[in-house]
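Visitor: Next up, final.txt (compact mmCIF, C-alpha atoms).
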# COMPACT_ATOMS: atom_id res chain seq x y z
CA MET A 414 -12.64 -10.18 21.77
CA ILE A 415 -12.35 -9.27 18.08
CA ALA A 416 -11.28 -12.01 15.68
CA ILE A 417 -8.87 -10.94 12.93
CA ILE A 418 -9.15 -13.73 10.39
CA ASN A 419 -5.85 -15.34 9.45
CA TYR A 420 -6.12 -16.88 6.01
CA GLY A 421 -2.53 -16.56 4.98
CA LEU A 422 -2.96 -13.29 3.13
CA GLY A 423 -2.48 -9.75 4.09
CA ASN A 424 -1.78 -7.14 6.60
CA LEU A 425 -2.81 -8.94 9.78
CA ALA A 426 -0.06 -7.43 11.92
CA SER A 427 -0.97 -3.88 10.88
CA VAL A 428 -4.63 -4.39 11.75
CA LYS A 429 -3.74 -5.87 15.13
CA LYS A 430 -1.33 -3.00 15.80
CA ALA A 431 -4.05 -0.43 15.03
CA LEU A 432 -6.51 -2.14 17.38
CA ASP A 433 -3.84 -2.30 20.10
CA ALA A 434 -3.28 1.43 19.64
CA ILE A 435 -6.95 2.18 20.36
CA SER A 436 -7.10 -0.41 23.18
CA VAL A 437 -9.46 -2.82 21.46
CA GLU A 438 -8.70 -6.43 22.35
CA SER A 439 -8.19 -8.67 19.36
CA VAL A 440 -6.67 -11.94 18.29
CA ILE A 441 -5.29 -13.09 14.95
CA THR A 442 -6.89 -16.47 14.41
CA ASP A 443 -8.08 -19.22 12.09
CA ASP A 444 -9.54 -21.24 14.93
CA PRO A 445 -13.29 -21.94 14.44
CA THR A 446 -14.07 -21.82 18.17
CA GLU A 447 -12.28 -18.54 18.64
CA ILE A 448 -14.12 -17.10 15.64
CA ARG A 449 -17.48 -18.40 16.95
CA ASN A 450 -16.80 -16.84 20.36
CA SER A 451 -15.63 -13.48 19.05
CA SER A 452 -17.70 -10.31 19.43
CA ALA A 453 -16.85 -9.10 15.93
CA ILE A 454 -14.97 -10.32 12.88
CA ILE A 455 -12.37 -8.49 10.82
CA LEU A 456 -11.39 -9.83 7.42
CA PRO A 457 -8.28 -8.00 6.24
CA GLY A 458 -6.42 -8.99 3.13
CA VAL A 459 -3.96 -8.06 0.47
CA GLY A 460 -3.59 -10.10 -2.68
CA SER A 461 -5.67 -11.45 -5.50
CA PHE A 462 -9.39 -12.27 -5.26
CA GLN A 463 -9.03 -15.83 -6.49
CA GLN A 464 -6.12 -16.56 -4.16
CA GLY A 465 -8.12 -15.08 -1.29
CA MET A 466 -11.10 -17.35 -1.91
CA GLN A 467 -8.84 -20.36 -2.37
CA ASN A 468 -7.17 -19.67 0.97
CA LEU A 469 -10.50 -19.19 2.75
CA ARG A 470 -11.81 -22.46 1.34
CA LYS A 471 -8.62 -24.33 2.18
CA SER A 472 -8.77 -23.17 5.77
CA GLY A 473 -12.40 -24.33 5.96
CA LEU A 474 -13.60 -20.93 7.14
CA VAL A 475 -16.15 -20.05 4.45
CA ASP A 476 -19.15 -21.73 6.11
CA ILE A 477 -18.27 -20.52 9.59
CA LEU A 478 -17.82 -16.92 8.47
CA THR A 479 -21.02 -16.99 6.42
CA ASP A 480 -22.98 -18.44 9.33
CA GLU A 481 -21.62 -15.91 11.84
CA VAL A 482 -22.07 -12.88 9.61
CA MET A 483 -25.16 -13.70 7.57
CA ASN A 484 -27.21 -15.85 9.98
CA LYS A 485 -26.06 -14.72 13.42
CA LYS A 486 -25.53 -11.14 12.25
CA LYS A 487 -22.19 -10.74 13.98
CA PRO A 488 -20.57 -7.35 13.30
CA PHE A 489 -18.20 -7.68 10.36
CA LEU A 490 -15.46 -5.35 9.16
CA GLY A 491 -13.84 -6.10 5.80
CA ILE A 492 -10.72 -4.27 4.66
CA CYS A 493 -9.44 -4.04 1.07
CA LEU A 494 -9.47 -7.59 -0.30
CA GLY A 495 -11.57 -8.42 2.77
CA MET A 496 -14.19 -6.04 1.39
CA GLN A 497 -14.00 -7.34 -2.15
CA LEU A 498 -14.44 -10.99 -1.12
CA ILE A 499 -17.90 -10.40 0.36
CA PHE A 500 -19.30 -9.78 -3.13
CA THR A 501 -20.76 -12.47 -5.35
CA ASP A 502 -18.29 -12.28 -8.21
CA GLY A 503 -14.61 -11.53 -8.70
CA THR A 504 -12.54 -11.20 -11.86
CA GLU A 505 -8.97 -11.30 -10.52
CA PRO A 506 -7.16 -12.74 -12.35
CA GLU A 507 -10.16 -14.51 -13.98
CA PRO A 508 -13.90 -14.78 -13.23
CA CYS A 509 -14.50 -16.54 -9.91
CA LYS A 510 -17.03 -16.68 -7.08
CA GLY A 511 -16.71 -14.69 -3.86
CA LEU A 512 -18.37 -15.18 -0.46
CA GLY A 513 -21.55 -13.82 -2.01
CA TRP A 514 -22.91 -11.93 0.99
CA ILE A 515 -23.55 -8.84 -1.10
CA LYS A 516 -24.64 -8.89 -4.72
CA GLY A 517 -22.11 -7.33 -7.02
CA LYS A 518 -18.95 -7.72 -8.97
CA VAL A 519 -15.33 -6.73 -8.40
CA VAL A 520 -13.66 -5.46 -11.57
CA LYS A 521 -10.38 -3.94 -12.69
CA PHE A 522 -10.05 -0.17 -13.04
CA LYS A 523 -10.74 1.11 -16.52
CA ASN A 524 -7.52 2.17 -18.15
CA ASN A 525 -8.16 5.82 -18.96
CA GLY A 526 -4.65 7.15 -18.57
CA MET A 527 -4.56 7.22 -14.76
CA ARG A 528 -1.81 5.19 -13.12
CA ILE A 529 -2.90 1.74 -11.94
CA PRO A 530 -2.76 0.49 -9.15
CA HIS A 531 -4.52 3.33 -7.37
CA MET A 532 -1.84 3.78 -4.75
CA GLY A 533 -1.79 6.57 -2.22
CA TRP A 534 -3.92 8.94 -0.18
CA ASN A 535 -7.26 10.09 -1.45
CA GLU A 536 -10.27 11.84 -0.01
CA LEU A 537 -13.67 10.23 0.39
CA VAL A 538 -16.57 11.72 -1.55
CA ASP A 539 -20.33 11.16 -1.46
CA VAL A 540 -19.93 10.26 2.20
CA ASP A 541 -22.90 8.93 4.19
CA GLU A 542 -22.71 11.25 7.20
CA THR A 543 -24.49 8.77 9.42
CA LYS A 544 -21.67 6.26 8.91
CA PHE A 545 -18.69 8.64 8.97
CA SER A 546 -18.59 11.20 11.75
CA LYS A 547 -16.89 14.53 11.04
CA GLN A 548 -13.60 13.39 12.63
CA CYS A 549 -13.55 10.38 10.33
CA GLN A 550 -13.79 12.33 7.10
CA GLY A 551 -10.58 13.07 5.29
CA ASP A 552 -7.85 11.36 3.34
CA TYR A 553 -7.44 7.59 3.52
CA TYR A 554 -4.78 5.28 2.15
CA PHE A 555 -5.75 3.21 -0.91
CA ILE A 556 -3.81 0.50 -2.67
CA HIS A 557 -5.81 -1.47 -5.25
CA SER A 558 -6.23 -2.29 -8.94
CA TYR A 559 -9.79 -3.64 -8.63
CA HIS A 560 -12.95 -2.05 -7.25
CA ALA A 561 -16.42 -3.27 -6.33
CA ILE A 562 -19.63 -2.55 -8.23
CA PRO A 563 -22.58 -3.45 -5.97
CA GLU A 564 -25.91 -4.29 -7.54
CA ASN A 565 -27.68 -2.02 -5.05
CA ASP A 566 -26.30 1.47 -4.78
CA PHE A 567 -27.89 2.18 -1.40
CA ILE A 568 -25.28 0.11 0.46
CA VAL A 569 -22.47 2.41 -0.70
CA SER A 570 -21.43 4.63 2.23
CA SER A 571 -18.54 6.47 0.56
CA LYS A 572 -16.77 6.75 -2.76
CA VAL A 573 -13.39 7.81 -4.03
CA ASN A 574 -12.68 9.66 -7.24
CA TYR A 575 -10.10 7.71 -9.24
CA THR A 576 -10.60 7.21 -12.97
CA GLU A 577 -14.26 7.66 -11.99
CA LYS A 578 -16.19 7.62 -8.74
CA VAL A 579 -15.75 4.11 -7.34
CA VAL A 580 -16.83 2.44 -4.11
CA ALA A 581 -14.68 3.28 -1.09
CA SER A 582 -16.90 1.63 1.52
CA VAL A 583 -20.14 -0.29 1.90
CA SER A 584 -22.42 -0.42 4.91
CA TYR A 585 -25.27 -2.87 5.16
CA ASP A 586 -26.87 -4.25 8.29
CA ASN A 587 -24.03 -5.74 10.38
CA ILE A 588 -21.51 -5.38 7.54
CA PHE A 589 -19.09 -2.48 7.16
CA ALA A 590 -16.32 -2.85 4.64
CA THR A 591 -13.72 -0.48 3.25
CA GLN A 592 -11.63 -0.49 0.11
CA PHE A 593 -9.16 1.80 1.87
CA HIS A 594 -6.93 0.84 4.78
CA PRO A 595 -8.05 2.53 8.02
CA GLU A 596 -5.17 0.81 9.84
CA LYS A 597 -2.73 2.62 7.54
CA SER A 598 -4.47 5.97 7.50
CA GLN A 599 -2.90 7.50 10.59
CA LYS A 600 -5.12 9.67 12.82
CA VAL A 601 -8.26 9.64 10.72
CA GLY A 602 -8.04 5.87 10.26
CA LEU A 603 -7.59 5.15 13.95
CA GLU A 604 -10.48 7.50 14.65
CA LEU A 605 -12.70 5.55 12.26
CA LEU A 606 -11.79 2.27 13.97
CA ARG A 607 -12.31 3.79 17.43
CA ASN A 608 -15.73 5.07 16.37
CA TYR A 609 -16.68 1.75 14.84
CA PHE A 610 -15.82 -0.31 17.90
CA GLU A 611 -17.30 2.22 20.33
CA LYS A 612 -20.64 1.90 18.55
CA LEU A 613 -20.46 -1.88 18.88
CA SER A 614 -19.79 -1.95 22.60
CA MET B 380 18.12 7.52 7.61
CA VAL B 381 20.61 9.11 9.86
CA GLY B 382 20.65 8.18 13.53
CA ASN B 383 18.37 5.73 15.29
CA PRO B 384 15.84 4.36 12.76
CA VAL B 385 13.15 3.61 15.33
CA GLN B 386 13.18 7.12 16.75
CA THR B 387 13.31 8.60 13.28
CA ALA B 388 10.28 6.52 12.23
CA ARG B 389 8.41 7.70 15.32
CA ILE B 390 9.07 11.33 14.41
CA TYR B 391 8.03 10.81 10.80
CA ASN B 392 4.81 9.16 11.97
CA SER B 393 4.03 12.02 14.32
CA ARG B 394 4.75 14.51 11.54
CA GLY B 395 2.18 12.79 9.33
CA VAL B 396 4.38 11.75 6.42
CA ASP B 397 2.40 9.90 3.76
CA GLU B 398 4.63 6.86 3.50
CA LEU B 399 7.92 5.56 4.85
CA VAL B 400 10.44 3.89 2.56
CA PHE B 401 13.07 2.04 4.59
CA LEU B 402 15.97 0.71 2.57
CA ASP B 403 19.07 -1.09 3.75
CA ILE B 404 21.15 -0.08 0.75
CA PHE B 405 24.18 -2.14 1.72
CA ALA B 406 22.40 -5.43 2.43
CA THR B 407 23.08 -6.97 -0.98
CA GLU B 408 26.58 -5.58 -1.30
CA GLN B 409 27.55 -6.89 2.12
CA ASP B 410 25.71 -10.13 1.43
CA ARG B 411 23.49 -10.12 4.48
CA ASN B 412 19.80 -10.21 5.23
CA LEU B 413 17.68 -7.39 6.57
CA ASN B 414 17.66 -7.07 10.32
CA LEU B 415 14.06 -8.23 10.80
CA LYS B 416 13.99 -7.30 14.46
CA LEU B 417 15.00 -3.72 13.70
CA VAL B 418 12.61 -3.49 10.74
CA SER B 419 9.81 -4.78 12.92
CA GLU B 420 10.56 -2.10 15.53
CA VAL B 421 10.48 0.54 12.80
CA ILE B 422 7.17 -0.71 11.40
CA LYS B 423 5.62 -0.70 14.88
CA GLU B 424 6.04 3.08 14.96
CA CYS B 425 4.21 3.61 11.67
CA PHE B 426 0.48 4.07 11.16
CA MET B 427 1.10 4.95 7.55
CA PRO B 428 2.17 2.67 4.70
CA VAL B 429 5.67 1.28 4.88
CA SER B 430 7.89 -0.04 2.07
CA ILE B 431 10.89 -2.12 3.04
CA GLY B 432 13.86 -3.10 0.91
CA GLY B 433 17.38 -4.47 1.02
CA GLY B 434 18.83 -7.85 0.16
CA ILE B 435 15.51 -9.52 -0.73
CA LYS B 436 16.28 -12.81 -2.48
CA SER B 437 13.36 -15.18 -1.99
CA LEU B 438 9.59 -15.42 -1.66
CA GLU B 439 10.24 -16.31 1.96
CA ASP B 440 12.11 -13.02 2.48
CA ILE B 441 9.07 -11.17 1.10
CA ASN B 442 6.66 -13.14 3.24
CA ASP B 443 8.75 -12.41 6.37
CA LEU B 444 8.44 -8.68 5.70
CA LEU B 445 4.73 -8.71 4.90
CA LYS B 446 4.07 -10.76 8.03
CA ILE B 447 5.58 -8.12 10.30
CA GLY B 448 3.49 -5.40 8.69
CA ALA B 449 5.32 -4.14 5.60
CA ASP B 450 2.85 -2.99 2.97
CA LYS B 451 5.28 -3.18 0.09
CA VAL B 452 8.69 -4.64 -0.49
CA VAL B 453 11.32 -2.92 -2.60
CA ILE B 454 13.47 -5.09 -4.83
CA LYS B 455 16.45 -4.03 -6.91
CA THR B 456 19.23 -6.56 -7.49
CA MET B 457 17.00 -9.60 -7.94
CA ALA B 458 14.90 -7.70 -10.48
CA LEU B 459 18.01 -7.15 -12.57
CA LYS B 460 19.30 -10.67 -12.12
CA ASP B 461 16.12 -12.70 -12.37
CA PRO B 462 12.87 -11.19 -13.76
CA LYS B 463 11.24 -14.61 -13.39
CA PHE B 464 11.56 -14.22 -9.61
CA ILE B 465 9.70 -10.91 -9.83
CA LYS B 466 6.97 -12.55 -11.90
CA ASP B 467 6.57 -15.26 -9.26
CA ALA B 468 6.50 -12.68 -6.47
CA VAL B 469 3.74 -10.73 -8.25
CA LEU B 470 1.67 -13.86 -8.82
CA PHE B 471 2.02 -14.94 -5.22
CA PHE B 472 1.66 -11.67 -3.30
CA GLY B 473 -0.10 -9.44 -5.85
CA SER B 474 1.43 -6.65 -7.88
CA GLN B 475 0.42 -3.96 -5.38
CA CYS B 476 3.09 -4.97 -2.87
CA ILE B 477 6.02 -5.44 -5.25
CA SER B 478 7.96 -2.20 -5.80
CA ILE B 479 11.01 -2.07 -8.02
CA ALA B 480 13.93 0.23 -7.28
CA ILE B 481 15.69 1.61 -10.34
CA ASP B 482 18.97 3.45 -9.83
CA VAL B 483 19.74 5.28 -13.03
CA ILE B 484 22.89 6.97 -14.32
CA PHE B 485 23.36 8.89 -17.54
CA LYS B 486 26.31 7.49 -19.46
CA ASP B 487 27.41 7.78 -23.08
CA GLN B 488 24.21 9.61 -24.00
CA GLU B 489 21.87 6.97 -22.60
CA TYR B 490 20.19 6.05 -19.34
CA VAL B 491 21.65 2.91 -17.84
CA ILE B 492 21.09 1.11 -14.60
CA LYS B 493 23.78 0.62 -12.04
CA THR B 494 23.70 -3.07 -11.44
CA GLY B 495 26.31 -3.41 -8.73
CA PRO B 496 29.99 -4.28 -9.08
CA ASN B 497 29.49 -7.74 -10.55
CA PHE B 498 26.97 -7.06 -13.30
CA ASP B 499 27.10 -5.35 -16.63
CA GLU B 500 25.24 -2.13 -17.10
CA MET B 501 21.72 -2.53 -18.39
CA ASN B 502 19.75 -0.24 -20.67
CA LEU B 503 16.94 1.47 -18.76
CA THR B 504 14.25 0.90 -21.39
CA ASP B 505 15.04 -2.80 -21.69
CA PHE B 506 14.85 -3.23 -17.95
CA LEU B 507 11.56 -1.33 -17.67
CA ASN B 508 10.05 -3.48 -20.39
CA SER B 509 11.01 -6.64 -18.53
CA MET B 510 9.38 -5.29 -15.35
CA GLU B 511 6.23 -4.17 -17.19
CA ASP B 512 5.99 -7.72 -18.40
CA CYS B 513 5.94 -8.88 -14.76
CA ASP B 514 3.13 -6.41 -13.89
CA VAL B 515 4.93 -4.98 -10.86
CA GLY B 516 3.13 -2.50 -8.59
CA GLU B 517 5.29 0.61 -8.75
CA TYR B 518 8.75 2.02 -9.42
CA LEU B 519 11.10 3.85 -7.09
CA LEU B 520 13.00 5.83 -9.64
CA CYS B 521 16.29 7.20 -8.34
CA SER B 522 18.64 9.41 -10.29
CA THR B 523 21.95 8.31 -8.78
CA ASP B 524 23.79 11.33 -10.18
CA ASP B 525 21.45 13.67 -8.30
CA ASP B 526 20.95 11.66 -5.11
CA GLY B 527 22.14 13.59 -2.07
CA MET B 528 23.06 16.66 -4.16
CA MET B 529 19.92 18.58 -3.16
CA ASN B 530 19.89 20.50 -6.44
CA GLY B 531 16.47 19.34 -7.62
CA PHE B 532 14.94 16.22 -9.14
CA ASN B 533 16.06 14.92 -12.52
CA ILE B 534 12.99 16.09 -14.41
CA GLU B 535 14.17 14.80 -17.75
CA LEU B 536 14.62 11.28 -16.42
CA VAL B 537 11.28 11.25 -14.60
CA ASP B 538 9.51 12.53 -17.70
CA TYR B 539 11.20 9.90 -19.86
CA VAL B 540 10.25 6.99 -17.60
CA SER B 541 6.73 8.26 -16.90
CA LYS B 542 5.94 7.96 -20.61
CA LEU B 543 7.07 4.33 -20.70
CA THR B 544 4.78 3.04 -17.98
CA ASN B 545 1.30 3.44 -16.55
CA LYS B 546 2.41 2.27 -13.08
CA PRO B 547 2.85 4.66 -10.17
CA ILE B 548 6.35 6.18 -9.95
CA ILE B 549 8.04 7.59 -6.87
CA ALA B 550 10.83 9.99 -7.82
CA ILE B 551 13.91 9.93 -5.61
CA GLY B 552 17.09 11.94 -5.60
CA GLY B 553 17.87 15.62 -5.61
CA ALA B 554 15.30 17.35 -3.40
CA GLY B 555 16.87 20.16 -1.38
CA LYS B 556 13.99 22.60 -0.97
CA PRO B 557 10.19 22.54 -1.24
CA GLU B 558 10.33 24.34 -4.59
CA HIS B 559 11.97 21.25 -6.11
CA PHE B 560 8.82 19.22 -5.41
CA VAL B 561 6.65 21.92 -6.97
CA THR B 562 8.78 21.83 -10.12
CA LEU B 563 8.64 18.03 -10.24
CA PHE B 564 4.86 17.88 -10.07
CA GLU B 565 4.32 20.86 -12.35
CA THR B 566 6.48 19.49 -15.14
CA THR B 567 5.83 15.75 -15.03
CA ASN B 568 2.70 13.63 -14.67
CA ILE B 569 3.84 11.54 -11.70
CA GLU B 570 2.25 11.90 -8.28
CA ALA B 571 4.82 10.88 -5.68
CA ALA B 572 8.31 11.74 -4.51
CA ALA B 573 10.53 10.48 -1.74
CA SER B 574 13.42 12.20 -0.11
CA SER B 575 15.66 12.01 2.92
CA SER B 576 18.58 14.44 2.70
CA ILE B 577 16.29 17.46 2.74
CA TYR B 578 14.79 16.36 6.07
CA HIS B 579 18.08 15.30 7.61
CA PHE B 580 20.31 18.14 6.53
CA THR B 581 18.06 21.21 6.20
CA GLN B 582 15.46 22.86 8.42
CA TYR B 583 12.61 21.76 6.11
CA THR B 584 10.06 19.21 7.33
CA PRO B 585 7.67 17.08 5.22
CA GLN B 586 4.96 19.51 6.32
CA ASP B 587 6.85 22.44 4.75
CA VAL B 588 7.01 20.55 1.47
CA LYS B 589 3.30 19.75 1.57
CA ASN B 590 2.39 23.34 2.46
CA SER B 591 4.35 24.60 -0.54
CA LEU B 592 2.55 22.15 -2.79
CA LYS B 593 -0.82 23.08 -1.33
CA THR B 594 -0.30 26.80 -1.98
CA ARG B 595 0.53 25.94 -5.57
CA GLY B 596 -2.78 24.14 -5.95
CA PHE B 597 -1.73 20.54 -5.52
CA ASN B 598 -4.02 18.14 -3.71
CA VAL B 599 -1.96 17.02 -0.71
CA ARG B 600 -2.90 15.57 2.65
CA LEU B 601 -2.14 18.09 5.40
Spell out the structure here as structure tokens.

Guide:
Amino acid sequence: MIAIINYGLGNLASVKKALDAISVESVITDDPTEIRNSSAIILPGVGSFQQGMQNLRKSGLVDILTDEVMNKKKPFLGICLGMQLIFTDGTEPEPCKGLGWIKGKVVKFKNNGMRIPHMGWNELVDVDETKFSKQCQGDYYFIHSYHAIPENDFIVSSKVNYTEKVVASVSYDNIFATQFHPEKSQKVGLELLRNYFEKLS
Amino acid sequence: MVGNPVQTARIYNSRGVDELVFLDIFATEQDRNLNLKLVSEVIKECFMPVSIGGGIKSLEDINDLLKIGADKVVIKTMALKDPKFIKDAVLFFGSQCISIAIDVIFKDQEYVIKTGPNFDEMNLTDFLNSMEDCDVGEYLLCSTDDDGMMNGFNIELVDYVSKLTNKPIIAIGGAGKPEHFVTLFETTNIEAAASSSIYHFTQYTPQDVKNSLKTRGFNVRL
């Protein structure tokens, strides 16, 4: 059973719907036991970094998630804000601490004339072929004003070209996290999720 | 939409449209709320982003829509009546999910916004400034004079608004053939357009529009 973390923010229903569509059993939950017993954890999220951390703290889930992902090495999939929160530092709307699982900072897009937020479909570039099979390469749906800058470049498994090349996904150990929304990216997105969960089972 | 919305959404999803905008344009006028059950059925068909609008009056209304899987909500009347509400909505849910619908008419040599039967007309630039101040996520810019006419987008209007904001703009109103999209993207610096009449009343599909754009060198998802 996959645990989709409910922390009062974001596109939980869409993630669940996508998993249903590829016949992967999941539950939307904030229950510690259910999270402990899950085979993998998905942290979705839409909203601001600071609000996201506040909600996670309020629901008392920070320690449990950190223990499951960092100590017990449970497979973890972060999506959008759920990717950003795993970094050490956020800046939205002001400097604040994240979950800190991966060293790096989440910053606002530079204003160089491009329209912000980055909203729409965009292709992945500099793709790590070992992480994205051929069927999973293509256009994904993005909707964000902030992007992550990891301290170590080797964890970056794809980028997207918007204002400059920025991180589209990171892969490290049991962590896979995407700035884009696979659950909103039609065929290619569902294929990515199917691939991901097939590899786990 | 014409016909059954759930079936229509299913077809749009299977045809790979990039986004679905679902608006109940009479909700405010008829003083009723969105039919959440119907909207939820529509969203269930969509594995692409969905924007929902019509009669949104409170943070609770927004939350109800996000909870059932809407990616963005589209607000019109409340944005004209109460910018403070929009500011609160942006702070609470993030700017990326708050879209503002602007229905523009050209009257007495200026662009004004149709504000419904009970409001005065508002100057377009003033309204845009108030929304920029709220840091909203995007604009659905509709030229009311051209909507449903299928004679092409209002390029002048789109160009005018695109210079006043750095937010994404979706142009609505006037598309009748794929060439109209080509002209829109060749002559303005916006990156999105929405349309319905062309798909309901002509033989063209979203794929035809995208193919036309692709052959003219635009980066579209096929």

Visitor: Counting all atoms listed in the file, give me one row per residue of chain A with an atom at most 7 Å from an atom of chain B, showing the shortest contact pair and its distance in Å to one decimal, sorted by chain then residue number, as a tab-separated table.

Guide:
residue	atom	partner	partner_atom	distance
A:Asn424	CA	B:Gly448	CA	5.9
A:Ala426	CA	B:Gly448	CA	5.2
A:Ser427	CA	B:Gly448	CA	5.2
A:Gly460	CA	B:Gly473	CA	4.8
A:Ser461	CA	B:Gly473	CA	5.9
A:Arg528	CA	B:Asn545	CA	4.9
A:Ile529	CA	B:Lys546	CA	5.5
A:Pro530	CA	B:Gly516	CA	6.6
A:Asp552	CA	B:Arg600	CA	6.5
A:Ile556	CA	B:Gln475	CA	6.7
A:His557	CA	B:Gln475	CA	6.7
A:Glu596	CA	B:Phe426	CA	6.7
A:Lys597	CA	B:Met427	CA	4.5
A:Ser598	CA	B:Met427	CA	5.7
A:Gln599	CA	B:Phe426	CA	4.8

Visitor: Env of Ile588 of chain A: 12 Å cut, atoms = only C-alpha atoms, seq-sep filter 6 positions within chain, self excluded. Answer as a VMD selection string.

Guide: chain A and resid 453 to 456 479 481 to 483 485 to 492 495 to 496 499 to 500 514 to 515 544 568 to 570 582 609 613

Visitor: Counting only C-alpha atoms, what is within 7 Å of Asp525 of chain B, bar same-chain residues fewer than 5 positions away, as a list in words?

Guide: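 Everything that qualifies: Asn533, Gly552 and Gly553 of chain B.
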
Visitor: Near Met501 of chain B, within 12 Å and counting only C-alpha atoms, which residues show up once chain neighbours fewer than 5 positions away are dropped, as an MDAnalysis selection string?

Guide: chainID B and resid 456 458:460 481:486 489:495 506:509

Visitor: Using all atoms listed in the file, find the one residue out of B:Val421, B:Ile479, B:Cys513, B:Met528 that sits nearest to Ser576 of chain B.

Guide: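 So, comparing all the options, the nearest one is B:Met528.
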
Visitor: Please indicate the distance in Å from atom CA of Leu603 of chain A to atom CA of Gln548 of chain A, rounded to one decimal place.

Guide: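 It comes out at 10.3 Å.
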
Visitor: Can you work out which one of A:Ala416, A:Leu478, A:Met466, A:Val583 has the shortest atom-to-atom distance to Phe545 of chain A, counting all atoms listed in the file?

Guide: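 The closest residue to Phe545 of chain A is A:Val583.
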
Visitor: N, CA and C atoms for segment 506-520 of chain A, written as a JSON list (two decimals), in the frame of the given file, could you do that?

Guide:
[["chain", "number", "residue", "atom", "x", "y", "z"],
["A", 506, "PRO", "N", -7.50, -13.22, -11.01],
["A", 506, "PRO", "CA", -7.16, -12.74, -12.35],
["A", 506, "PRO", "C", -8.19, -13.16, -13.40],
["A", 507, "GLU", "N", -9.11, -14.08, -13.04],
["A", 507, "GLU", "CA", -10.16, -14.51, -13.98],
["A", 507, "GLU", "C", -11.48, -14.63, -13.21],
["A", 508, "PRO", "N", -12.60, -14.73, -13.92],
["A", 508, "PRO", "CA", -13.90, -14.78, -13.23],
["A", 508, "PRO", "C", -13.94, -15.90, -12.18],
["A", 509, "CYS", "N", -14.40, -15.55, -10.98],
["A", 509, "CYS", "CA", -14.50, -16.54, -9.91],
["A", 509, "CYS", "C", -15.55, -16.07, -8.90],
["A", 510, "LYS", "N", -15.97, -17.00, -8.05],
["A", 510, "LYS", "CA", -17.03, -16.68, -7.08],
["A", 510, "LYS", "C", -16.43, -16.16, -5.77],
["A", 511, "GLY", "N", -17.12, -15.19, -5.16],
["A", 511, "GLY", "CA", -16.71, -14.69, -3.86],
["A", 511, "GLY", "C", -17.56, -15.30, -2.76],
["A", 512, "LEU", "N", -17.57, -14.68, -1.57],
["A", 512, "LEU", "CA", -18.37, -15.18, -0.46],
["A", 512, "LEU", "C", -19.86, -14.98, -0.75],
["A", 513, "GLY", "N", -20.18, -13.98, -1.55],
["A", 513, "GLY", "CA", -21.55, -13.82, -2.01],
["A", 513, "GLY", "C", -22.51, -13.23, -0.99],
["A", 514, "TRP", "N", -22.02, -12.52, -0.01],
["A", 514, "TRP", "CA", -22.91, -11.93, 0.99],
["A", 514, "TRP", "C", -23.62, -10.69, 0.45],
["A", 515, "ILE", "N", -22.96, -10.03, -0.48],
["A", 515, "ILE", "CA", -23.55, -8.84, -1.10],
["A", 515, "ILE", "C", -23.49, -9.01, -2.61],
["A", 516, "LYS", "N", -24.61, -8.71, -3.27],
["A", 516, "LYS", "CA", -24.64, -8.89, -4.72],
["A", 516, "LYS", "C", -23.80, -7.83, -5.41],
["A", 517, "GLY", "N", -22.94, -8.29, -6.29],
["A", 517, "GLY", "CA", -22.11, -7.33, -7.02],
["A", 517, "GLY", "C", -20.85, -7.99, -7.54],
["A", 518, "LYS", "N", -20.11, -7.19, -8.27],
["A", 518, "LYS", "CA", -18.95, -7.72, -8.97],
["A", 518, "LYS", "C", -17.73, -6.85, -8.67],
["A", 519, "VAL", "N", -16.57, -7.48, -8.62],
["A", 519, "VAL", "CA", -15.33, -6.73, -8.40],
["A", 519, "VAL", "C", -14.53, -6.74, -9.70],
["A", 520, "VAL", "N", -14.28, -5.55, -10.23],
["A", 520, "VAL", "CA", -13.66, -5.46, -11.57],
["A", 520, "VAL", "C", -12.41, -4.59, -11.54]]
